[in-house]
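target.cif, holding mmCIF, C-alpha atoms:
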```cif
data_model
loop_
_atom_site.label_atom_id
_atom_site.label_comp_id
_atom_site.auth_asym_id
_atom_site.auth_seq_id
_atom_site.Cartn_x
_atom_site.Cartn_y
_atom_site.Cartn_z
CA MET V 241 26.18 39.19 -23.17
CA CYS V 242 28.64 37.59 -22.67
CA GLY V 243 29.99 37.30 -26.22
CA ARG V 244 33.74 37.94 -25.93
CA PHE V 245 36.28 37.97 -23.12
CA THR V 246 40.00 37.71 -22.40
CA GLN V 247 41.97 34.85 -20.84
CA ILE V 248 45.45 36.33 -20.69
CA LYS V 249 47.30 35.15 -17.60
CA SER V 250 48.74 31.69 -17.04
CA ARG V 251 46.43 29.11 -15.57
CA ASP V 252 48.64 29.05 -12.50
CA ASP V 253 48.04 32.78 -11.99
CA TYR V 254 44.28 32.19 -11.96
CA LEU V 255 44.53 29.15 -9.71
CA ALA V 256 46.71 31.03 -7.21
CA PHE V 257 43.78 33.36 -6.51
CA LEU V 258 41.36 30.51 -6.19
CA VAL V 259 42.62 27.32 -4.58
CA GLU V 260 46.05 26.13 -3.52
CA GLU V 261 44.99 22.48 -3.55
CA ALA V 262 44.57 22.63 -7.31
CA GLU V 263 48.35 22.43 -7.65
CA ASN V 264 48.15 18.78 -6.63
CA ASP V 265 45.75 17.82 -9.42
CA ILE V 266 46.53 20.17 -12.30
CA PRO V 267 49.99 20.10 -13.93
CA TYR V 268 52.08 23.22 -13.45
CA ASP V 269 52.10 25.47 -16.51
CA PRO V 270 53.53 29.02 -16.15
CA GLU V 271 52.98 29.99 -19.79
CA PRO V 272 50.44 32.81 -20.32
CA ILE V 273 47.29 31.71 -22.11
CA SER V 274 47.42 35.04 -24.01
CA ARG V 275 43.92 34.93 -25.51
CA TYR V 276 42.79 38.52 -25.98
CA ASN V 277 39.64 37.77 -27.95
CA VAL V 278 37.98 34.56 -26.77
CA ALA V 279 34.95 33.90 -28.97
CA PRO V 280 32.03 31.46 -28.94
CA GLY V 281 32.61 28.27 -30.87
CA THR V 282 36.17 27.91 -29.59
CA LYS V 283 37.49 25.67 -26.84
CA VAL V 284 38.07 27.38 -23.50
CA LEU V 285 39.78 26.11 -20.34
CA LEU V 286 37.01 25.19 -17.92
CA LEU V 287 37.69 24.54 -14.23
CA ASN V 288 35.45 21.90 -12.67
CA ASN V 289 35.32 19.76 -9.56
CA ARG V 290 34.69 16.06 -10.11
CA ASP V 291 35.79 12.92 -8.31
CA ASN V 292 36.87 15.11 -5.38
CA SER V 293 39.53 16.93 -7.39
CA PHE V 294 39.85 19.93 -9.67
CA HIS V 295 40.27 19.55 -13.41
CA LEU V 296 40.98 21.97 -16.26
CA ASP V 297 39.43 20.79 -19.51
CA PRO V 298 39.32 22.46 -22.94
CA VAL V 299 35.57 22.65 -23.60
CA LEU V 300 33.62 24.17 -26.49
CA TRP V 301 31.96 27.47 -25.65
CA SER V 302 28.46 26.79 -27.00
CA TYR V 303 25.68 24.43 -26.06
CA ALA V 304 23.18 22.51 -28.18
CA PRO V 305 21.71 19.24 -26.88
CA GLY V 306 20.62 16.62 -29.36
CA TRP V 307 16.97 17.71 -29.44
CA TRP V 308 17.82 21.39 -30.00
CA ASP V 309 17.16 22.44 -33.62
CA LYS V 310 18.30 26.06 -33.40
CA PRO V 311 21.76 27.68 -33.37
CA PRO V 312 23.84 26.79 -30.29
CA LEU V 313 23.48 29.00 -27.23
CA ILE V 314 26.40 30.63 -25.43
CA ASN V 315 24.74 32.16 -22.34
CA ALA V 316 22.19 31.09 -19.74
CA ARG V 317 20.21 33.60 -17.70
CA VAL V 318 20.61 33.21 -13.97
CA GLU V 319 16.95 34.17 -13.49
CA THR V 320 15.66 31.08 -15.33
CA ALA V 321 18.49 28.52 -15.64
CA ALA V 322 17.64 26.65 -12.43
CA THR V 323 14.11 25.83 -13.59
CA SER V 324 14.23 25.69 -17.38
CA ARG V 325 13.89 22.40 -19.27
CA MET V 326 17.14 23.07 -21.11
CA PHE V 327 19.37 24.08 -18.21
CA LYS V 328 18.02 22.60 -14.97
CA SER V 329 20.17 19.45 -15.06
CA LEU V 330 23.26 21.49 -15.94
CA TRP V 331 22.52 23.88 -13.07
CA ASN V 332 22.28 20.99 -10.63
CA HIS V 333 25.09 18.77 -11.91
CA GLY V 334 27.28 20.63 -14.44
CA ARG V 335 28.62 23.74 -12.73
CA ALA V 336 32.08 25.04 -13.61
CA ILE V 337 34.20 28.20 -13.65
CA VAL V 338 35.73 30.12 -16.56
CA PHE V 339 38.88 32.12 -15.83
CA ALA V 340 38.94 35.63 -17.32
CA ASP V 341 40.56 39.04 -16.98
CA GLY V 342 37.73 41.05 -18.48
CA TRP V 343 35.00 41.00 -21.09
CA PHE V 344 33.87 43.11 -24.03
CA GLU V 345 30.55 44.83 -24.62
CA TRP V 346 29.31 46.98 -27.47
CA LYS V 347 27.35 50.19 -26.92
CA LYS V 348 25.49 52.10 -29.64
CA GLU V 349 27.02 55.57 -29.90
CA GLY V 350 25.68 57.56 -32.82
CA ASP V 351 26.01 55.50 -35.97
CA ILE V 352 28.49 52.99 -34.56
CA LYS V 353 28.67 50.30 -31.91
CA GLN V 354 31.61 51.21 -29.71
CA PRO V 355 33.29 48.24 -27.96
CA TYR V 356 34.29 48.58 -24.31
CA TYR V 357 36.56 46.42 -22.19
CA ILE V 358 35.24 45.77 -18.64
CA TYR V 359 37.47 44.51 -15.83
CA ARG V 360 38.03 44.70 -12.08
CA LYS V 361 39.48 47.97 -10.81
CA ASP V 362 42.12 46.01 -8.89
CA LYS V 363 42.80 43.91 -12.06
CA LYS V 364 42.37 40.65 -10.17
CA PRO V 365 41.19 37.59 -12.11
CA LEU V 366 37.50 37.06 -12.79
CA PHE V 367 35.69 33.79 -12.16
CA PHE V 368 32.69 33.47 -14.47
CA ALA V 369 29.93 31.06 -13.47
CA ALA V 370 29.41 28.44 -16.17
CA ILE V 371 27.21 25.39 -16.70
CA GLY V 372 27.59 22.49 -19.11
CA LYS V 373 27.08 18.80 -19.74
CA GLN V 374 29.25 16.52 -17.60
CA PRO V 375 31.71 14.93 -18.11
CA PHE V 376 33.73 17.83 -19.47
CA ASP V 377 36.72 15.74 -20.53
CA VAL V 378 35.26 13.85 -23.50
CA GLY V 379 36.78 16.04 -26.21
CA ASP V 380 34.82 16.66 -29.40
CA GLU V 381 31.88 14.60 -28.15
CA ALA V 382 31.11 17.15 -25.45
CA GLU V 383 27.98 19.27 -25.79
CA GLY V 384 29.87 22.29 -24.51
CA PHE V 385 29.16 24.93 -21.87
CA LEU V 386 27.45 28.29 -21.34
CA ILE V 387 28.40 31.36 -19.34
CA VAL V 388 25.76 32.38 -16.79
CA THR V 389 24.63 36.00 -17.05
CA ALA V 390 22.75 38.34 -14.75
CA ALA V 391 21.11 41.74 -15.06
CA ALA V 392 23.64 44.56 -15.02
CA ASP V 393 23.44 47.00 -12.13
CA LYS V 394 24.69 50.47 -11.25
CA GLY V 395 27.16 51.87 -13.78
CA LEU V 396 27.50 48.64 -15.76
CA VAL V 397 23.99 49.07 -17.13
CA ASP V 398 25.25 52.11 -19.02
CA ILE V 399 27.26 49.75 -21.21
CA HIS V 400 24.92 46.77 -21.46
CA ASP V 401 21.85 45.46 -19.64
CA ARG V 402 23.44 42.03 -19.03
CA ARG V 403 26.74 40.97 -17.46
CA PRO V 404 28.48 37.67 -16.69
CA LEU V 405 27.89 36.32 -13.21
CA VAL V 406 31.30 36.90 -11.61
CA PHE V 407 32.04 35.19 -8.30
CA THR V 408 34.46 35.85 -5.49
CA PRO V 409 37.02 33.02 -5.07
CA GLU V 410 35.11 31.63 -2.08
CA ALA V 411 31.80 31.64 -3.95
CA ALA V 412 33.44 30.08 -7.02
CA LEU V 413 34.58 27.11 -4.93
CA GLU V 414 31.11 26.68 -3.45
CA TRP V 415 29.57 26.95 -6.93
CA MET V 416 31.72 24.06 -8.20
CA ASP V 417 31.24 21.87 -5.13
CA PRO V 418 29.13 18.81 -6.12
CA GLU V 419 27.70 18.81 -2.59
CA THR V 420 26.17 22.26 -3.09
CA THR V 421 22.51 21.83 -4.02
CA GLY V 422 20.72 23.58 -6.84
CA ALA V 423 18.75 25.63 -4.32
CA GLN V 424 21.93 26.67 -2.53
CA VAL V 425 23.64 27.84 -5.71
CA SER V 426 20.53 29.83 -6.63
CA GLU V 427 20.99 31.73 -3.37
CA LEU V 428 24.72 32.00 -4.06
CA ALA V 429 24.04 33.55 -7.45
CA LEU V 430 21.95 36.25 -5.80
CA ASP V 431 24.23 37.00 -2.86
CA ALA V 432 27.85 36.31 -3.86
CA ALA V 433 28.41 38.04 -7.19
CA VAL V 434 31.18 40.64 -7.36
CA PRO V 435 29.32 44.00 -7.23
CA ALA V 436 29.29 46.45 -10.12
CA ASP V 437 31.22 49.14 -8.23
CA GLU V 438 34.33 46.91 -8.28
CA PHE V 439 34.52 47.14 -12.08
CA THR V 440 35.70 49.77 -14.50
CA TRP V 441 35.82 49.99 -18.29
CA HIS V 442 37.26 51.88 -21.23
CA PRO V 443 36.72 52.08 -25.00
CA VAL V 444 38.79 49.82 -27.23
CA THR V 445 39.47 49.39 -30.91
CA GLN V 446 36.82 48.18 -33.36
CA SER V 447 39.30 45.44 -34.30
CA VAL V 448 38.00 43.30 -31.45
CA GLY V 449 34.92 42.69 -33.57
CA ASN V 450 36.92 40.35 -35.82
CA VAL V 451 37.42 37.00 -34.05
CA LYS V 452 40.68 36.48 -35.96
CA ASN V 453 42.31 39.43 -34.22
CA GLN V 454 44.37 38.79 -31.09
CA GLY V 455 46.99 40.72 -29.12
CA ALA V 456 47.32 43.26 -26.33
CA ASP V 457 46.29 46.15 -28.59
CA LEU V 458 42.71 44.88 -28.38
CA ILE V 459 42.40 45.93 -24.73
CA LYS V 460 44.27 49.24 -25.04
CA ASN V 461 42.29 52.31 -23.93
CA THR V 462 41.56 54.21 -27.15
CA SER V 463 40.66 57.35 -25.20
CA ASP V 464 44.28 57.71 -24.03
CA LYS V 465 45.99 60.76 -25.48
CA ILE V 466 49.39 59.08 -25.62
#
```
Would you encode the structure as structure tokens?
Amino acid sequence: MCGRFTQIKSRDDYLAFLVEEAENDIPYDPEPISRYNVAPGTKVLLLNNRDNSFHLDPVLWSYAPGWWDKPPLINARVETAATSRMFKSLWNHGRAIVFADGWFEWKKEGDIKQPYYIYRKDKKPLFFAAIGKQPFDVGDEAEGFLIVTAAADKGLVDIHDRRPLVFTPEAALEWMDPETTGAQVSELALDAAVPADEFTWHPVTQSVGNVKNQGADLIKNTSDKI
């Protein structure tokens, strides 16, 4: 986890829940992003705070520094990211936020892996904690970013033992603030995540397993009788 998610609303919809000042720095764009199956290895809009202003950059979802000789990584564990050789500098100097509406997990049920779509009960936007190599605006030369994950708790563990670290709007702003120290964000990660009881989930079609598939049908509740 996290291996797939949705980014459906317009970027202005996400920003409206987060920070009004962003309107001054990010061009207005009311068009829905309409990505129902965001997959690793694709570019994703990443919100970051640099030079005292907010920026939205299309950044590759995967991370592999020059010395890394294995397949790129897509997640970083919150328990170890602050101290690991690979992620410490990103944790301290490359924090960002990924907008989302929900994410997908697969659960073994009998002989199949059933996908589930997980989202807030109030359907408000999600703000995933992310880390990556600054600057984020260098196009194809960028090393990319990772989504930070934490241990699942309460009911979420029934679907998967890991979950993305989802912040409240206030915590997301503090996470991105360059003045926030690595030690402070470590505390933030423990104390400011949106709790499991604010989420719900339902089964969805197996079609989400194919990264080529997009569209609203991918998040439809397959347990509905209608």
List as a Markdown table every residue of range 278-364 of chain V that is in contact with range 452-459 of chain V, defined as an atom at most 10 Å from one of its atoms (using only C-alpha atoms), together with the nearest atom pair and the distance in Å rounded to one decimal, sorted by chain and then rising number.
```
| residue | atom | partner | partner_atom | distance |
| --- | --- | --- | --- | --- |
| V:Val278 | CA | V:Gln454 | CA | 8.8 |
| V:Ala279 | CA | V:Lys452 | CA | 9.4 |
| V:Gly342 | CA | V:Ile459 | CA | 9.2 |
| V:Trp343 | CA | V:Ile459 | CA | 9.6 |
| V:Phe344 | CA | V:Ile459 | CA | 9.0 |
| V:Pro355 | CA | V:Ile459 | CA | 9.9 |
| V:Tyr356 | CA | V:Ile459 | CA | 8.5 |
| V:Tyr357 | CA | V:Ile459 | CA | 6.4 |
| V:Ile358 | CA | V:Ile459 | CA | 9.4 |
```
Kindly export the residues of the current selection with C-alpha atoms, as a short mmCIF file (atom, residue, chain, number, x, y, z; two decimals), keeping the file's coordinate frame.
```cif
data_model
loop_
_atom_site.label_atom_id
_atom_site.label_comp_id
_atom_site.auth_asym_id
_atom_site.auth_seq_id
_atom_site.Cartn_x
_atom_site.Cartn_y
_atom_site.Cartn_z
CA VAL V 278 37.98 34.56 -26.77
CA ALA V 279 34.95 33.90 -28.97
CA GLY V 342 37.73 41.05 -18.48
CA TRP V 343 35.00 41.00 -21.09
CA PHE V 344 33.87 43.11 -24.03
CA PRO V 355 33.29 48.24 -27.96
CA TYR V 356 34.29 48.58 -24.31
CA TYR V 357 36.56 46.42 -22.19
CA ILE V 358 35.24 45.77 -18.64
#
```
Next item on the list: Would you kindly identify which residues have an atom no farther than 8 Å from (29.1, 16.3, -10.8), using all atoms listed in the file and the file's own coordinates, and write them out as number ranges by chain?
Entry: V: 289-291, 333-335, 374-375, 418
Next item on the list: Work out how far apart CA of Ala433 in chain V and CA of Ala316 in chain V are and give it in Å to one decimal.
Entry: 15.6 Å
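In this model, the gap between CA of Leu428 in chain V and CA of Ile337 in chain V comes to 14.0 Å.
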Notebook entry, point to check: Of the candidates V:Ser324, V:Gln354, V:Asn450, V:Thr389, which shows the shortest atom-to-atom distance to Ala370 in chain V, using all atoms listed in the file?
Noted result: V:Thr389
Note to self: My list of candidates is V:Asp309, V:Ala423, V:Asn288, V:Trp415. Which is closest to Thr323 in chain V when distances are computed with only C-alpha atoms?
What the structure shows: V:Ala423
Note to self: For a quick check of understanding, using only C-alpha atoms, which of V:Lys373, V:Ile273, V:Leu405, V:Trp441 has the smallest distance to Asn332 in chain V?
What the structure shows: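 Of V:Lys373, V:Ile273, V:Leu405, V:Trp441, the one nearest Asn332 in chain V is V:Lys373, counting only C-alpha atoms.
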Next item on the list: Report as number ranges by chain the full result of the PyMOL selection byres ((chain V and resi 303) around 12) when it is applied to this structure.
Entry: V: 280-283, 299-302, 304-316, 326-327, 330, 370-373, 381-387
Notebook entry, point to check: Any idea what the distance is between CA of Glu414 in chain V and CA of Phe257 in chain V?
Noted result: 14.6 Å
Could you write range 351-377 of chain V of the block just shown to a file containing N, CA and C atoms, as a short mmCIF file (atom, residue, chain, number, x, y, z; two decimals), in the first residue's frame?
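Final file, out-v4.cif:
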```cif
data_model
loop_
_atom_site.label_atom_id
_atom_site.label_comp_id
_atom_site.auth_asym_id
_atom_site.auth_seq_id
_atom_site.Cartn_x
_atom_site.Cartn_y
_atom_site.Cartn_z
N ASP V 351 -10.50 -17.69 -3.53
CA ASP V 351 -9.48 -17.86 -4.56
C ASP V 351 -9.17 -16.58 -5.32
N ILE V 352 -9.78 -15.47 -4.92
CA ILE V 352 -9.55 -14.22 -5.65
C ILE V 352 -9.08 -13.12 -4.71
N LYS V 353 -8.50 -12.08 -5.30
CA LYS V 353 -8.19 -10.87 -4.57
C LYS V 353 -9.23 -9.83 -4.93
N GLN V 354 -10.09 -9.52 -3.97
CA GLN V 354 -11.18 -8.59 -4.21
C GLN V 354 -10.71 -7.16 -3.97
N PRO V 355 -10.83 -6.27 -4.97
CA PRO V 355 -10.46 -4.87 -4.74
C PRO V 355 -11.55 -4.11 -3.98
N TYR V 356 -11.11 -3.21 -3.12
CA TYR V 356 -12.01 -2.33 -2.37
C TYR V 356 -11.58 -0.89 -2.60
N TYR V 357 -12.57 -0.01 -2.59
CA TYR V 357 -12.32 1.43 -2.69
C TYR V 357 -12.55 2.04 -1.31
N ILE V 358 -11.56 2.77 -0.78
CA ILE V 358 -11.60 3.33 0.57
C ILE V 358 -11.61 4.86 0.46
N TYR V 359 -12.48 5.50 1.21
CA TYR V 359 -12.66 6.94 1.10
C TYR V 359 -13.26 7.48 2.39
N ARG V 360 -13.24 8.80 2.55
CA ARG V 360 -13.83 9.41 3.74
C ARG V 360 -15.35 9.26 3.71
N LYS V 361 -15.93 9.05 4.87
CA LYS V 361 -17.39 8.94 4.95
C LYS V 361 -18.08 10.21 4.49
N ASP V 362 -17.47 11.36 4.76
CA ASP V 362 -18.06 12.63 4.34
C ASP V 362 -17.66 13.01 2.91
N LYS V 363 -16.86 12.14 2.26
CA LYS V 363 -16.42 12.31 0.86
C LYS V 363 -15.60 13.57 0.63
N LYS V 364 -15.01 14.10 1.68
CA LYS V 364 -14.10 15.24 1.52
C LYS V 364 -12.79 14.76 0.89
N PRO V 365 -12.04 15.69 0.30
CA PRO V 365 -10.76 15.31 -0.30
C PRO V 365 -9.78 14.74 0.73
N LEU V 366 -8.86 13.93 0.23
CA LEU V 366 -7.80 13.36 1.05
C LEU V 366 -6.49 14.07 0.70
N PHE V 367 -5.64 14.22 1.70
CA PHE V 367 -4.33 14.83 1.49
C PHE V 367 -3.27 13.83 1.96
N PHE V 368 -2.71 13.09 0.98
CA PHE V 368 -1.70 12.10 1.27
C PHE V 368 -0.35 12.78 1.53
N ALA V 369 0.34 12.35 2.58
CA ALA V 369 1.70 12.79 2.80
C ALA V 369 2.61 12.16 1.75
N ALA V 370 3.50 12.96 1.18
CA ALA V 370 4.43 12.47 0.17
C ALA V 370 5.81 13.07 0.41
N ILE V 371 6.84 12.37 -0.05
CA ILE V 371 8.20 12.89 0.01
C ILE V 371 8.88 12.64 -1.34
N GLY V 372 9.79 13.53 -1.71
CA GLY V 372 10.48 13.37 -2.98
C GLY V 372 11.69 14.28 -3.05
N LYS V 373 12.38 14.21 -4.17
CA LYS V 373 13.61 14.97 -4.36
C LYS V 373 13.29 16.35 -4.93
N GLN V 374 13.61 17.39 -4.17
CA GLN V 374 13.45 18.76 -4.64
C GLN V 374 14.56 19.11 -5.63
N PRO V 375 14.35 20.00 -6.61
CA PRO V 375 13.06 20.65 -6.90
C PRO V 375 12.14 19.73 -7.68
N PHE V 376 10.83 19.94 -7.50
CA PHE V 376 9.85 19.07 -8.14
C PHE V 376 9.49 19.50 -9.55
N ASP V 377 10.02 20.63 -10.00
CA ASP V 377 9.57 21.20 -11.27
C ASP V 377 10.59 21.02 -12.40
#
```
